[in-house]
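Structure file query-v9.cif with mmCIF, C-alpha atoms:
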data_start
loop_
_atom_site.group_PDB
_atom_site.id
_atom_site.type_symbol
_atom_site.label_atom_id
_atom_site.label_comp_id
_atom_site.auth_asym_id
_atom_site.auth_seq_id
_atom_site.Cartn_x
_atom_site.Cartn_y
_atom_site.Cartn_z
ATOM 1 C CA MET A 10 0.000 0.000 0.000
ATOM 2 C CA ILE A 11 1.288 3.471 -0.848
ATOM 3 C CA PRO A 12 1.931 5.520 2.365
ATOM 4 C CA GLY A 13 -0.532 8.326 2.880
ATOM 5 C CA ARG A 14 -2.958 6.970 0.238
ATOM 6 C CA TRP A 15 -6.578 6.524 1.373
ATOM 7 C CA ASN A 16 -7.399 2.813 1.449
ATOM 8 C CA PRO A 17 -11.168 2.251 1.028
ATOM 9 C CA LEU A 18 -10.988 -1.264 2.420
ATOM 10 C CA ARG A 19 -9.147 -0.228 5.618
ATOM 11 C CA HIS A 20 -11.392 2.759 6.208
ATOM 12 C CA ARG A 21 -14.530 0.765 5.534
ATOM 13 C CA ALA A 22 -13.473 -1.949 7.941
ATOM 14 C CA SER A 23 -12.585 0.542 10.685
ATOM 15 C CA GLY A 24 -15.751 2.563 10.204
ATOM 16 C CA HIS A 25 -13.828 5.668 9.076
ATOM 17 C CA SER A 26 -15.176 7.820 6.294
ATOM 18 C CA ARG A 27 -13.089 9.071 3.372
ATOM 19 C CA HIS A 28 -11.509 12.507 3.529
ATOM 20 C CA ALA A 29 -13.225 15.403 1.861
ATOM 21 C CA GLY A 30 -12.364 15.663 -1.811
ATOM 22 C CA GLU A 31 -11.280 12.026 -2.159
ATOM 23 C CA PRO A 32 -13.022 9.925 -4.826
ATOM 24 C CA ALA A 33 -16.002 7.781 -3.910
ATOM 25 C CA ILE A 34 -14.632 4.314 -4.679
ATOM 26 C CA PHE A 35 -17.805 2.547 -3.580
ATOM 27 C CA PRO A 36 -21.093 3.782 -5.095
ATOM 28 C CA ARG A 37 -23.701 4.898 -2.635
ATOM 29 C CA MET A 38 -26.364 2.277 -1.896
ATOM 30 C CA GLU A 39 -29.814 3.752 -1.408
ATOM 31 C CA ASN A 40 -31.313 0.623 0.180
ATOM 32 C CA ASN A 41 -28.587 -0.622 2.467
ATOM 33 C CA ASP A 42 -31.121 -2.189 4.826
ATOM 34 C CA GLN A 43 -32.802 -4.272 2.108
ATOM 35 C CA GLN A 44 -32.136 -7.966 2.571
ATOM 36 C CA THR A 45 -31.018 -10.217 -0.253
ATOM 37 C CA LEU A 46 -33.872 -12.289 -1.588
ATOM 38 C CA ALA A 47 -33.385 -15.980 -0.891
ATOM 39 C CA CYS A 48 -33.750 -18.208 -3.946
ATOM 40 C CA ILE A 49 -32.630 -21.551 -5.279
ATOM 41 C CA GLY A 50 -31.993 -20.363 -8.823
ATOM 42 C CA PRO A 51 -33.977 -18.916 -11.712
ATOM 43 C CA PRO A 52 -37.692 -19.651 -12.036
ATOM 44 C CA ASP A 53 -38.902 -22.112 -14.628
ATOM 45 C CA VAL A 54 -37.299 -21.280 -17.961
ATOM 46 C CA PRO A 55 -39.707 -21.198 -20.929
ATOM 47 C CA ALA A 56 -39.221 -24.045 -23.368
ATOM 48 C CA ALA A 57 -37.619 -23.399 -26.747
ATOM 49 C CA PRO A 58 -37.207 -25.752 -29.696
ATOM 50 C CA ALA A 59 -33.889 -27.390 -30.460
ATOM 51 C CA CYS A 60 -31.916 -25.562 -33.097
ATOM 52 C CA VAL A 61 -28.757 -25.481 -35.170
ATOM 53 C CA VAL A 62 -26.707 -22.278 -35.377
ATOM 54 C CA VAL A 63 -23.929 -21.484 -37.848
ATOM 55 C CA ILE A 64 -20.907 -20.658 -35.693
ATOM 56 C CA HIS A 65 -18.199 -20.549 -38.369
ATOM 57 C CA GLY A 66 -17.995 -19.940 -42.095
ATOM 58 C CA GLU A 67 -20.549 -18.909 -44.706
ATOM 59 C CA GLY A 68 -23.921 -18.080 -43.143
ATOM 60 C CA PHE A 69 -22.419 -17.145 -39.772
ATOM 61 C CA GLY A 70 -25.213 -16.463 -37.278
ATOM 62 C CA LEU A 71 -27.971 -18.178 -39.235
ATOM 63 C CA ARG A 72 -30.225 -20.433 -37.200
ATOM 64 C CA ALA A 73 -32.973 -22.976 -37.823
ATOM 65 C CA ASP A 74 -35.379 -24.441 -35.288
ATOM 66 C CA ILE A 75 -35.891 -28.189 -35.346
ATOM 67 C CA ARG A 76 -39.584 -28.967 -34.915
ATOM 68 C CA ASP A 77 -41.778 -31.653 -36.463
ATOM 69 C CA GLU A 78 -40.546 -31.136 -40.023
ATOM 70 C CA PRO A 79 -36.946 -32.138 -40.905
ATOM 71 C CA VAL A 80 -34.473 -29.295 -41.283
ATOM 72 C CA VAL A 81 -32.634 -29.580 -44.610
ATOM 73 C CA ILE A 82 -29.234 -27.887 -44.732
ATOM 74 C CA GLY A 83 -27.793 -27.064 -48.135
ATOM 75 C CA ARG A 84 -26.876 -24.542 -50.806
ATOM 76 C CA SER A 85 -30.265 -24.659 -52.523
ATOM 77 C CA SER A 86 -32.753 -21.868 -51.857
ATOM 78 C CA ASP A 87 -35.238 -24.673 -51.144
ATOM 79 C CA ALA A 88 -33.219 -25.746 -48.098
ATOM 80 C CA THR A 89 -34.594 -24.893 -44.668
ATOM 81 C CA LEU A 90 -31.183 -23.511 -43.758
ATOM 82 C CA CYS A 91 -29.605 -22.144 -46.924
ATOM 83 C CA ILE A 92 -25.802 -21.849 -46.821
ATOM 84 C CA ARG A 93 -24.574 -20.289 -50.044
ATOM 85 C CA SER A 94 -21.121 -21.811 -50.147
ATOM 86 C CA PRO A 95 -19.693 -23.783 -53.084
ATOM 87 C CA SER A 96 -18.342 -26.312 -50.572
ATOM 88 C CA VAL A 97 -21.894 -27.169 -49.460
ATOM 89 C CA SER A 98 -24.065 -29.464 -51.573
ATOM 90 C CA ARG A 99 -27.501 -28.298 -52.715
ATOM 91 C CA GLN A 100 -29.075 -30.695 -50.229
ATOM 92 C CA HIS A 101 -26.215 -31.574 -47.918
ATOM 93 C CA CYS A 102 -27.856 -33.121 -44.859
ATOM 94 C CA GLU A 103 -31.009 -33.105 -42.796
ATOM 95 C CA ILE A 104 -31.770 -33.107 -39.084
ATOM 96 C CA ARG A 105 -35.011 -34.564 -37.790
ATOM 97 C CA ARG A 106 -36.516 -35.090 -34.376
ATOM 98 C CA ALA A 107 -37.311 -38.601 -33.148
ATOM 99 C CA GLY A 108 -38.994 -38.317 -29.746
ATOM 100 C CA ASP A 109 -36.460 -36.584 -27.525
ATOM 101 C CA SER A 110 -33.586 -37.493 -29.839
ATOM 102 C CA TYR A 111 -32.294 -35.714 -32.936
ATOM 103 C CA ILE A 112 -30.847 -37.495 -35.962
ATOM 104 C CA VAL A 113 -28.555 -36.007 -38.592
ATOM 105 C CA ARG A 114 -28.435 -37.778 -41.972
ATOM 106 C CA ASP A 115 -26.178 -37.081 -44.912
ATOM 107 C CA LEU A 116 -28.079 -36.623 -48.189
ATOM 108 C CA GLY A 117 -25.370 -37.809 -50.551
ATOM 109 C CA SER A 118 -23.231 -34.690 -50.200
ATOM 110 C CA THR A 119 -19.951 -34.273 -52.067
ATOM 111 C CA ASN A 120 -17.908 -33.271 -49.015
ATOM 112 C CA ALA A 121 -19.615 -35.474 -46.411
ATOM 113 C CA THR A 122 -21.312 -34.498 -43.167
ATOM 114 C CA ARG A 123 -19.174 -34.564 -40.063
ATOM 115 C CA VAL A 124 -20.131 -34.672 -36.402
ATOM 116 C CA GLY A 125 -17.064 -33.591 -34.530
ATOM 117 C CA ASP A 126 -14.171 -35.011 -36.529
ATOM 118 C CA ARG A 127 -16.112 -38.051 -37.772
ATOM 119 C CA ALA A 128 -17.794 -38.341 -41.167
ATOM 120 C CA VAL A 129 -21.247 -39.872 -40.714
ATOM 121 C CA GLN A 130 -24.028 -41.206 -42.876
ATOM 122 C CA GLU A 131 -26.458 -40.984 -39.956
ATOM 123 C CA ALA A 132 -25.883 -40.196 -36.298
ATOM 124 C CA THR A 133 -27.755 -39.266 -33.135
ATOM 125 C CA LEU A 134 -26.793 -35.794 -31.989
ATOM 126 C CA ALA A 135 -25.816 -34.847 -28.458
ATOM 127 C CA ASP A 136 -26.334 -31.350 -27.094
ATOM 128 C CA GLY A 137 -23.447 -29.133 -28.176
ATOM 129 C CA ASP A 138 -22.308 -31.322 -31.075
ATOM 130 C CA GLN A 139 -20.611 -29.492 -33.918
ATOM 131 C CA ILE A 140 -21.733 -30.407 -37.434
ATOM 132 C CA THR A 141 -19.444 -29.609 -40.358
ATOM 133 C CA VAL A 142 -20.843 -29.178 -43.859
ATOM 134 C CA GLY A 143 -18.218 -28.143 -46.376
ATOM 135 C CA GLU A 144 -16.330 -25.241 -44.822
ATOM 136 C CA THR A 145 -19.172 -24.275 -42.485
ATOM 137 C CA ILE A 146 -19.577 -25.397 -38.867
ATOM 138 C CA LEU A 147 -22.924 -25.520 -37.078
ATOM 139 C CA LYS A 148 -23.668 -26.127 -33.418
ATOM 140 C CA PHE A 149 -26.583 -28.304 -32.343
ATOM 141 C CA ILE A 150 -28.460 -27.110 -29.256
ATOM 142 C CA SER A 151 -31.032 -29.437 -27.727
ATOM 143 C CA HIS A 152 -34.452 -28.271 -26.532
ATOM 144 C CA SER A 153 -33.340 -29.213 -23.004
ATOM 145 C CA ASN A 154 -30.584 -26.582 -23.052
ATOM 146 C CA VAL A 155 -31.477 -23.056 -21.893
ATOM 147 C CA GLU A 156 -29.115 -21.801 -24.608
ATOM 148 C CA ALA A 157 -31.802 -22.718 -27.160
ATOM 149 C CA LEU A 158 -34.040 -20.027 -25.648
ATOM 150 C CA TYR A 159 -31.170 -17.538 -25.785
ATOM 151 C CA HIS A 160 -30.582 -18.159 -29.485
ATOM 152 C CA GLU A 161 -34.297 -17.938 -30.225
ATOM 153 C CA ARG A 162 -34.536 -14.497 -28.599
ATOM 154 C CA VAL A 163 -31.306 -13.193 -30.105
ATOM 155 C CA SER A 164 -32.462 -14.318 -33.539
ATOM 156 C CA ARG A 165 -35.682 -12.378 -33.154
ATOM 157 C CA LEU A 166 -33.701 -9.260 -32.315
ATOM 158 C CA LEU A 167 -31.064 -9.579 -35.011
ATOM 159 C CA PHE A 168 -32.587 -11.366 -37.946
ATOM 160 C CA ARG A 169 -35.559 -9.301 -38.966
ATOM 161 C CA ASP A 170 -35.366 -8.363 -42.597
ATOM 162 C CA ARG A 171 -32.952 -5.439 -42.979
ATOM 163 C CA VAL A 172 -34.979 -3.607 -45.640
ATOM 164 C CA THR A 173 -38.592 -4.074 -44.564
ATOM 165 C CA GLY A 174 -38.323 -4.712 -40.819
ATOM 166 C CA LEU A 175 -40.618 -7.718 -41.214
ATOM 167 C CA LEU A 176 -39.849 -11.197 -39.974
ATOM 168 C CA GLY A 177 -37.298 -13.160 -41.972
ATOM 169 C CA ARG A 178 -37.888 -16.583 -43.470
ATOM 170 C CA GLN A 179 -36.639 -18.699 -40.557
ATOM 171 C CA ASP A 180 -38.503 -16.877 -37.814
ATOM 172 C CA PHE A 181 -41.661 -16.814 -39.919
ATOM 173 C CA ILE A 182 -41.548 -20.591 -40.301
ATOM 174 C CA GLY A 183 -41.307 -21.123 -36.557
ATOM 175 C CA ALA A 184 -43.991 -18.572 -35.702
ATOM 176 C CA ALA A 185 -46.316 -19.865 -38.430
ATOM 177 C CA GLU A 186 -46.074 -23.439 -37.156
ATOM 178 C CA GLU A 187 -47.095 -22.195 -33.699
ATOM 179 C CA ARG A 188 -50.074 -20.321 -35.180
ATOM 180 C CA ILE A 189 -51.133 -23.383 -37.146
ATOM 181 C CA ALA A 190 -51.041 -25.568 -34.035
ATOM 182 C CA GLY A 191 -53.114 -22.974 -32.168
ATOM 183 C CA SER A 192 -55.614 -22.717 -35.006
ATOM 184 C CA LYS A 193 -56.115 -26.471 -35.050
ATOM 185 C CA ALA A 194 -56.646 -26.538 -31.301
ATOM 186 C CA SER A 195 -59.217 -23.736 -31.384
ATOM 187 C CA ALA A 196 -60.804 -24.746 -34.713
ATOM 188 C CA SER A 197 -60.398 -21.164 -35.940
ATOM 189 C CA ALA A 198 -59.817 -20.073 -39.527
ATOM 190 C CA LEU A 199 -56.270 -19.522 -40.700
ATOM 191 C CA SER A 200 -55.220 -18.421 -44.180
ATOM 192 C CA LEU A 201 -51.950 -17.789 -45.965
ATOM 193 C CA ALA A 202 -51.273 -15.331 -48.765
ATOM 194 C CA LEU A 203 -48.078 -15.298 -50.812
ATOM 195 C CA VAL A 204 -47.316 -12.034 -52.576
ATOM 196 C CA ASP A 205 -44.552 -11.640 -55.132
ATOM 197 C CA ILE A 206 -43.433 -8.256 -56.475
ATOM 198 C CA ALA A 207 -43.430 -8.545 -60.251
ATOM 199 C CA ASP A 208 -40.065 -7.889 -61.916
ATOM 200 C CA LEU A 209 -38.284 -6.527 -58.859
ATOM 201 C CA THR A 210 -34.990 -7.510 -60.469
ATOM 202 C CA GLY A 211 -35.839 -5.387 -63.509
ATOM 203 C CA ILE A 212 -36.570 -2.399 -61.273
ATOM 204 C CA GLN A 213 -33.226 -2.852 -59.508
ATOM 205 C CA LEU A 214 -31.321 -3.160 -62.773
ATOM 206 C CA GLU A 215 -32.952 -0.129 -64.363
ATOM 207 C CA HIS A 216 -33.231 2.201 -61.387
ATOM 208 C CA GLY A 217 -30.732 0.849 -58.833
ATOM 209 C CA ASP A 218 -30.875 -1.017 -55.526
ATOM 210 C CA ALA A 219 -32.248 2.021 -53.684
ATOM 211 C CA ALA A 220 -35.323 1.942 -55.916
ATOM 212 C CA GLY A 221 -35.739 -1.771 -55.270
ATOM 213 C CA ASP A 222 -35.521 -1.173 -51.515
ATOM 214 C CA ALA A 223 -38.109 1.606 -51.815
ATOM 215 C CA VAL A 224 -40.513 -0.769 -53.562
ATOM 216 C CA LEU A 225 -39.980 -3.471 -50.930
ATOM 217 C CA THR A 226 -40.511 -0.980 -48.108
ATOM 218 C CA HIS A 227 -43.640 0.401 -49.767
ATOM 219 C CA VAL A 228 -45.241 -3.015 -50.212
ATOM 220 C CA ALA A 229 -44.232 -4.067 -46.694
ATOM 221 C CA GLY A 230 -45.889 -0.941 -45.294
ATOM 222 C CA LEU A 231 -49.130 -1.635 -47.155
ATOM 223 C CA VAL A 232 -49.110 -5.237 -45.931
ATOM 224 C CA SER A 233 -48.395 -4.254 -42.319
ATOM 225 C CA ALA A 234 -51.289 -1.778 -42.365
ATOM 226 C CA GLN A 235 -53.697 -4.643 -43.062
ATOM 227 C CA LEU A 236 -52.590 -6.844 -40.159
ATOM 228 C CA ASP A 237 -54.671 -7.559 -37.085
ATOM 229 C CA PRO A 238 -53.304 -8.797 -33.742
ATOM 230 C CA GLY A 239 -52.278 -12.426 -34.201
ATOM 231 C CA ASP A 240 -51.410 -12.017 -37.899
ATOM 232 C CA LEU A 241 -47.896 -12.495 -39.261
ATOM 233 C CA ALA A 242 -46.081 -10.965 -42.193
ATOM 234 C CA ALA A 243 -42.599 -11.787 -43.423
ATOM 235 C CA ARG A 244 -40.247 -11.315 -46.321
ATOM 236 C CA ILE A 245 -39.357 -14.881 -47.213
ATOM 237 C CA GLY A 246 -37.555 -14.339 -50.513
ATOM 238 C CA GLU A 247 -35.921 -11.671 -52.618
ATOM 239 C CA SER A 248 -39.281 -10.341 -53.829
ATOM 240 C CA ARG A 249 -41.692 -12.513 -51.867
ATOM 241 C CA PHE A 250 -43.869 -11.856 -48.843
ATOM 242 C CA ALA A 251 -45.869 -14.294 -46.762
ATOM 243 C CA ILE A 252 -48.939 -13.137 -44.841
ATOM 244 C CA LEU A 253 -50.558 -15.468 -42.301
ATOM 245 C CA LEU A 254 -54.010 -14.283 -41.244
ATOM 246 C CA HIS A 255 -55.598 -15.535 -38.059
ATOM 247 C CA GLY A 256 -59.383 -15.782 -37.989
ATOM 248 C CA ARG A 257 -59.798 -14.902 -41.679
ATOM 249 C CA ASP A 258 -61.128 -17.308 -44.271
ATOM 250 C CA LEU A 259 -60.069 -17.576 -47.899
ATOM 251 C CA GLU A 260 -62.564 -14.996 -49.111
ATOM 252 C CA ALA A 261 -61.327 -12.416 -46.612
ATOM 253 C CA THR A 262 -57.726 -13.163 -47.557
ATOM 254 C CA ARG A 263 -58.449 -12.647 -51.237
ATOM 255 C CA GLY A 264 -60.099 -9.379 -50.286
ATOM 256 C CA LEU A 265 -56.848 -8.268 -48.624
ATOM 257 C CA ILE A 266 -54.921 -9.106 -51.787
ATOM 258 C CA ALA A 267 -57.419 -7.180 -53.904
ATOM 259 C CA LEU A 268 -56.974 -4.154 -51.647
ATOM 260 C CA LEU A 269 -53.193 -4.366 -52.043
ATOM 261 C CA GLU A 270 -53.564 -4.456 -55.813
ATOM 262 C CA GLN A 271 -55.852 -1.433 -55.665
ATOM 263 C CA GLN A 272 -53.378 0.507 -53.511
ATOM 264 C CA LEU A 273 -50.505 -0.374 -55.842
ATOM 265 C CA ALA A 274 -52.382 0.870 -58.902
ATOM 266 C CA ALA A 275 -50.934 4.339 -58.317
ATOM 267 C CA PRO A 276 -47.232 4.526 -59.343
ATOM 268 C CA LEU A 277 -44.709 4.868 -56.526
ATOM 269 C CA GLU A 278 -43.012 8.257 -56.357
ATOM 270 C CA PHE A 279 -39.260 7.814 -55.942
ATOM 271 C CA ALA A 280 -36.860 10.748 -55.682
ATOM 272 C CA GLY A 281 -34.749 11.286 -58.760
ATOM 273 C CA HIS A 282 -36.688 8.838 -60.908
ATOM 274 C CA ALA A 283 -39.872 8.675 -62.877
ATOM 275 C CA PRO A 284 -42.748 7.148 -60.870
ATOM 276 C CA LEU A 285 -42.289 3.393 -60.534
ATOM 277 C CA ALA A 286 -45.030 1.043 -61.641
ATOM 278 C CA VAL A 287 -45.398 -1.746 -59.058
ATOM 279 C CA SER A 288 -47.529 -4.841 -59.496
ATOM 280 C CA ILE A 289 -47.818 -8.151 -57.691
ATOM 281 C CA HIS A 290 -48.517 -11.798 -58.317
ATOM 282 C CA SER A 291 -50.305 -13.574 -55.500
ATOM 283 C CA GLY A 292 -51.961 -16.697 -54.264
ATOM 284 C CA ALA A 293 -53.887 -17.669 -51.151
ATOM 285 C CA ALA A 294 -55.186 -20.698 -49.328
ATOM 286 C CA GLN A 295 -57.067 -21.512 -46.154
ATOM 287 C CA LEU A 296 -55.782 -24.153 -43.775
ATOM 288 C CA PRO A 297 -57.750 -27.286 -44.682
ATOM 289 C CA PRO A 298 -59.083 -29.721 -42.089
ATOM 290 C CA GLY A 299 -56.445 -32.239 -41.095
ATOM 291 C CA ALA A 300 -53.505 -30.159 -42.341
ATOM 292 C CA GLY A 301 -50.846 -29.841 -39.700
ATOM 293 C CA SER A 302 -47.918 -27.894 -41.095
ATOM 294 C CA LEU A 303 -46.943 -24.815 -43.025
ATOM 295 C CA GLY A 304 -45.702 -27.009 -45.860
ATOM 296 C CA GLN A 305 -49.138 -28.565 -46.292
ATOM 297 C CA LEU A 306 -50.714 -25.117 -46.377
ATOM 298 C CA ILE A 307 -48.257 -23.879 -48.991
ATOM 299 C CA LYS A 308 -49.038 -26.891 -51.188
ATOM 300 C CA GLN A 309 -52.593 -25.620 -51.464
ATOM 301 C CA ILE A 310 -51.245 -22.449 -53.061
ATOM 302 C CA ARG A 311 -49.175 -24.284 -55.645
ATOM 303 C CA VAL A 312 -52.313 -25.149 -57.576
ATOM 304 C CA ALA A 313 -53.652 -21.575 -57.444
ATOM 305 C CA PRO A 314 -53.750 -20.306 -61.044
ATOM 306 C CA ARG A 315 -52.636 -16.758 -60.232
ATOM 307 C CA ALA A 316 -49.306 -17.633 -58.638
ATOM 308 C CA PRO A 317 -48.053 -21.121 -59.475
ATOM 309 C CA GLU A 318 -44.460 -19.947 -59.108
ATOM 310 C CA LEU A 319 -44.792 -18.749 -55.523
ATOM 311 C CA ALA A 320 -44.412 -22.122 -53.907
ATOM 312 C CA GLU A 321 -41.056 -22.709 -55.606
ATOM 313 C CA GLY A 322 -37.982 -22.117 -53.442
#
Written as structure tokens, how would this file's structure read?
Amino acid sequence: MIPGRWNPLRHRASGHSRHAGEPAIFPRMENNDQQTLACIGPPDVPAAPACVVVIHGEGFGLRADIRDEPVVIGRSSDATLCIRSPSVSRQHCEIRRAGDSYIVRDLGSTNATRVGDRAVQEATLADGDQITVGETILKFISHSNVEALYHERVSRLLFRDRVTGLLGRQDFIGAAEERIAGSKASASALSLALVDIADLTGIQLEHGDAAGDAVLTHVAGLVSAQLDPGDLAARIGESRFAILLHGRDLEATRGLIALLEQQLAAPLEFAGHAPLAVSIHSGAAQLPPGAGSLGQLIKQIRVAPRAPELAEG
């Protein structure tokens, strides 16, 4: 100890106060008489689905929940978790739930699927296992691990669509599955609309990315204005939106689409450019009896004559 220097520990122990003008090392406590609350740990932690998170390589930070439907990992835009790396096969591997266990299966990939340092054709995953696909490493987190809840909440904060502020594809899938399960339990109507901006690529090429972002933001704003509590809207592709409507039947959903088309009839004013003509392609379906997943609902839209392309990818 330096001679003559005020020692907060010695003075605190002896009951002495610091000298005037000396720094307050210990912050003042307003409730010194308040007792520490006795506890045995945190209260019950809400459940979260198991997930895989990209922790290294292309797609860093991406996450996919593992629910009833298998999670396909690959380079294809059709994959549940799309990793756009040339070292990853189009459909590299899949992870599916089997009771309280989770199975990873290679799908004939070029560079194999590895759990730890071992190449596998099929393997049961343990919490914390690292899965290597090409040059990308993912971490598996079981539903029994509180870290799954952490990643779910962080994803909701970080992975909303940058341009529109709507949900992204992965979070929409998880939230939509929850809505579908709730709709089945309550026997309430649930409908899905898919809306595609026509020729967004052409707008971007002719007028620039800023114009494309303006169109996306404009359409997203019109969609959001039509939502009721319990509805969901997301940007699930480059030019594609998904709108899940709780308590609305197919007729009401088609009415929403018609209103969007009416609102988009007026060209969009964009600074420095001629007004932009914006149009949409769309399709809609109502959750049929017995259907239990988002995939089954989307299949109903594939046969819709107005938007057969929307279910692709």
All residues 9 Å or closer to Ile206 in chain A, all atoms listed in the file, same chain fewer than 6 positions away omitted, as a list in words: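 The residues that qualify are Val224, Leu225, Val228, Ser248, Arg249, Phe250, Val287, Ser288, Ile289, His290 and Ser291 of chain A.
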Excluding Leu71 in chain A and residues on its chain fewer than 4 positions from it, collect all residues at most 9 Å away from it, counting all atoms listed in the file, and give them as a list of chain:residue names.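 What passes the distance filter is A:Val61, A:Val62, A:Val63, A:Ile64, A:Leu90, A:Cys91, A:Ile92, A:Ser164, A:Phe168, A:Gln179.
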What does the PyMOL selection byres ((chain A and resi 189) around 12) select in this file, as an mmCIF file with C-alpha atoms, keeping the file's coordinate frame?
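To be explicit, this is the file written out as expr-v6.cif:
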data_model
loop_
_atom_site.group_PDB
_atom_site.id
_atom_site.type_symbol
_atom_site.label_atom_id
_atom_site.label_comp_id
_atom_site.auth_asym_id
_atom_site.auth_seq_id
_atom_site.Cartn_x
_atom_site.Cartn_y
_atom_site.Cartn_z
ATOM 1 C CA PHE A 181 -41.661 -16.814 -39.919
ATOM 2 C CA ILE A 182 -41.548 -20.591 -40.301
ATOM 3 C CA GLY A 183 -41.307 -21.123 -36.557
ATOM 4 C CA ALA A 184 -43.991 -18.572 -35.702
ATOM 5 C CA ALA A 185 -46.316 -19.865 -38.430
ATOM 6 C CA GLU A 186 -46.074 -23.439 -37.156
ATOM 7 C CA GLU A 187 -47.095 -22.195 -33.699
ATOM 8 C CA ARG A 188 -50.074 -20.321 -35.180
ATOM 9 C CA ALA A 190 -51.041 -25.568 -34.035
ATOM 10 C CA GLY A 191 -53.114 -22.974 -32.168
ATOM 11 C CA SER A 192 -55.614 -22.717 -35.006
ATOM 12 C CA LYS A 193 -56.115 -26.471 -35.050
ATOM 13 C CA ALA A 194 -56.646 -26.538 -31.301
ATOM 14 C CA SER A 195 -59.217 -23.736 -31.384
ATOM 15 C CA ALA A 196 -60.804 -24.746 -34.713
ATOM 16 C CA SER A 197 -60.398 -21.164 -35.940
ATOM 17 C CA ALA A 198 -59.817 -20.073 -39.527
ATOM 18 C CA LEU A 199 -56.270 -19.522 -40.700
ATOM 19 C CA SER A 200 -55.220 -18.421 -44.180
ATOM 20 C CA LEU A 201 -51.950 -17.789 -45.965
ATOM 21 C CA GLY A 239 -52.278 -12.426 -34.201
ATOM 22 C CA ASP A 240 -51.410 -12.017 -37.899
ATOM 23 C CA LEU A 241 -47.896 -12.495 -39.261
ATOM 24 C CA LEU A 253 -50.558 -15.468 -42.301
ATOM 25 C CA LEU A 254 -54.010 -14.283 -41.244
ATOM 26 C CA HIS A 255 -55.598 -15.535 -38.059
ATOM 27 C CA GLY A 256 -59.383 -15.782 -37.989
ATOM 28 C CA GLN A 295 -57.067 -21.512 -46.154
ATOM 29 C CA LEU A 296 -55.782 -24.153 -43.775
ATOM 30 C CA PRO A 297 -57.750 -27.286 -44.682
ATOM 31 C CA PRO A 298 -59.083 -29.721 -42.089
ATOM 32 C CA GLY A 299 -56.445 -32.239 -41.095
ATOM 33 C CA ALA A 300 -53.505 -30.159 -42.341
ATOM 34 C CA GLY A 301 -50.846 -29.841 -39.700
ATOM 35 C CA SER A 302 -47.918 -27.894 -41.095
ATOM 36 C CA LEU A 303 -46.943 -24.815 -43.025
ATOM 37 C CA GLY A 304 -45.702 -27.009 -45.860
ATOM 38 C CA GLN A 305 -49.138 -28.565 -46.292
ATOM 39 C CA LEU A 306 -50.714 -25.117 -46.377
#
Rank nothing, just name the residue among A:Leu273, A:Ala243, A:Leu285, A:Leu116 nearest to Gly211 in chain A, using all atoms listed in the file. A:Leu285
Expand the PyMOL selection byres ((chain A and resi 202) around 7) into the individual residues it matches in the shown file, reporting them as a list in words.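 This file gives the following for the PyMOL selection byres ((chain A and resi 202) around 7): Ser200, Leu201, Leu203, Val204, Ala251, Ile252, Leu253, Thr262, Gly292, Ala293 and Ala294 of chain A.
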Distance CA of Ile112 in chain A-CA of Arg178 in chain A, one decimal place?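 CA of Arg178 in chain A lies at a distance of 23.3 Å from CA of Ile112 in chain A.
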At a cut-off of 12 Å around the point (-32.9, -28.7, -49.6) (file coordinates), what residues fall inside when counting all atoms listed in the file? I'd like the answer as a VMD selection string. chain A and resid 79 to 93 97 to 104 115 to 118 321 to 322
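Separating CA of Gly143 in chain A from CA of Asn120 in chain A is a distance of 5.8 Å.
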What does the PyMOL selection byres ((chain A and resi 137) around 10) select in this file, as a list of chain:residue names? A:Val61, A:Leu134, A:Ala135, A:Asp136, A:Asp138, A:Gln139, A:Ile140, A:Leu147, A:Lys148, A:Phe149, A:Ile150, A:Ser151, A:Asn154, A:Glu156
Between CA of Ala73 in chain A and CA of Thr141 in chain A lies a distance of 15.3 Å
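Near Ala220 in chain A, within a cut-off of 10 Å and counting all atoms listed in the file, sit the residues A:Leu209, A:Ile212, A:Gln213, A:Leu214, A:Glu215, A:His216, A:Val224, A:Leu225, A:Thr226, A:Leu277, A:Glu278, A:Phe279, A:Ala280, A:Gly281, A:His282, A:Leu285, with same-chain residues fewer than 4 positions away left out.
Comparing A:Thr122, A:Gln309, A:Ser153, A:Thr173 by their smallest distance to Ser96 in chain A, the closest is A:Thr122 (using all atoms listed in the file).
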When you write range 74-78 of chain A out from the block above, keep N, CA, C and O atoms and present the result as a PDB file, in the first residue's frame, please.
ATOM      1  N   ASP A  74     -34.757 -23.629 -36.322  1.00  0.00           N
ATOM      2  CA  ASP A  74     -35.379 -24.441 -35.288  1.00  0.00           C
ATOM      3  C   ASP A  74     -35.682 -25.830 -35.828  1.00  0.00           C
ATOM      4  O   ASP A  74     -36.009 -26.001 -37.012  1.00  0.00           O
ATOM      5  N   ILE A  75     -35.590 -26.819 -34.960  1.00  0.00           N
ATOM      6  CA  ILE A  75     -35.891 -28.189 -35.346  1.00  0.00           C
ATOM      7  C   ILE A  75     -37.199 -28.574 -34.669  1.00  0.00           C
ATOM      8  O   ILE A  75     -37.254 -28.782 -33.449  1.00  0.00           O
ATOM      9  N   ARG A  76     -38.254 -28.649 -35.445  1.00  0.00           N
ATOM     10  CA  ARG A  76     -39.584 -28.967 -34.915  1.00  0.00           C
ATOM     11  C   ARG A  76     -40.028 -30.309 -35.499  1.00  0.00           C
ATOM     12  O   ARG A  76     -39.249 -31.261 -35.491  1.00  0.00           O
ATOM     13  N   ASP A  77     -41.263 -30.384 -35.948  1.00  0.00           N
ATOM     14  CA  ASP A  77     -41.778 -31.653 -36.463  1.00  0.00           C
ATOM     15  C   ASP A  77     -41.255 -31.967 -37.859  1.00  0.00           C
ATOM     16  O   ASP A  77     -41.076 -33.131 -38.212  1.00  0.00           O
ATOM     17  N   GLU A  78     -41.037 -30.927 -38.667  1.00  0.00           N
ATOM     18  CA  GLU A  78     -40.546 -31.136 -40.023  1.00  0.00           C
ATOM     19  C   GLU A  78     -39.019 -31.206 -40.014  1.00  0.00           C
ATOM     20  O   GLU A  78     -38.362 -30.467 -39.275  1.00  0.00           O
TER      21      GLU A  78
END
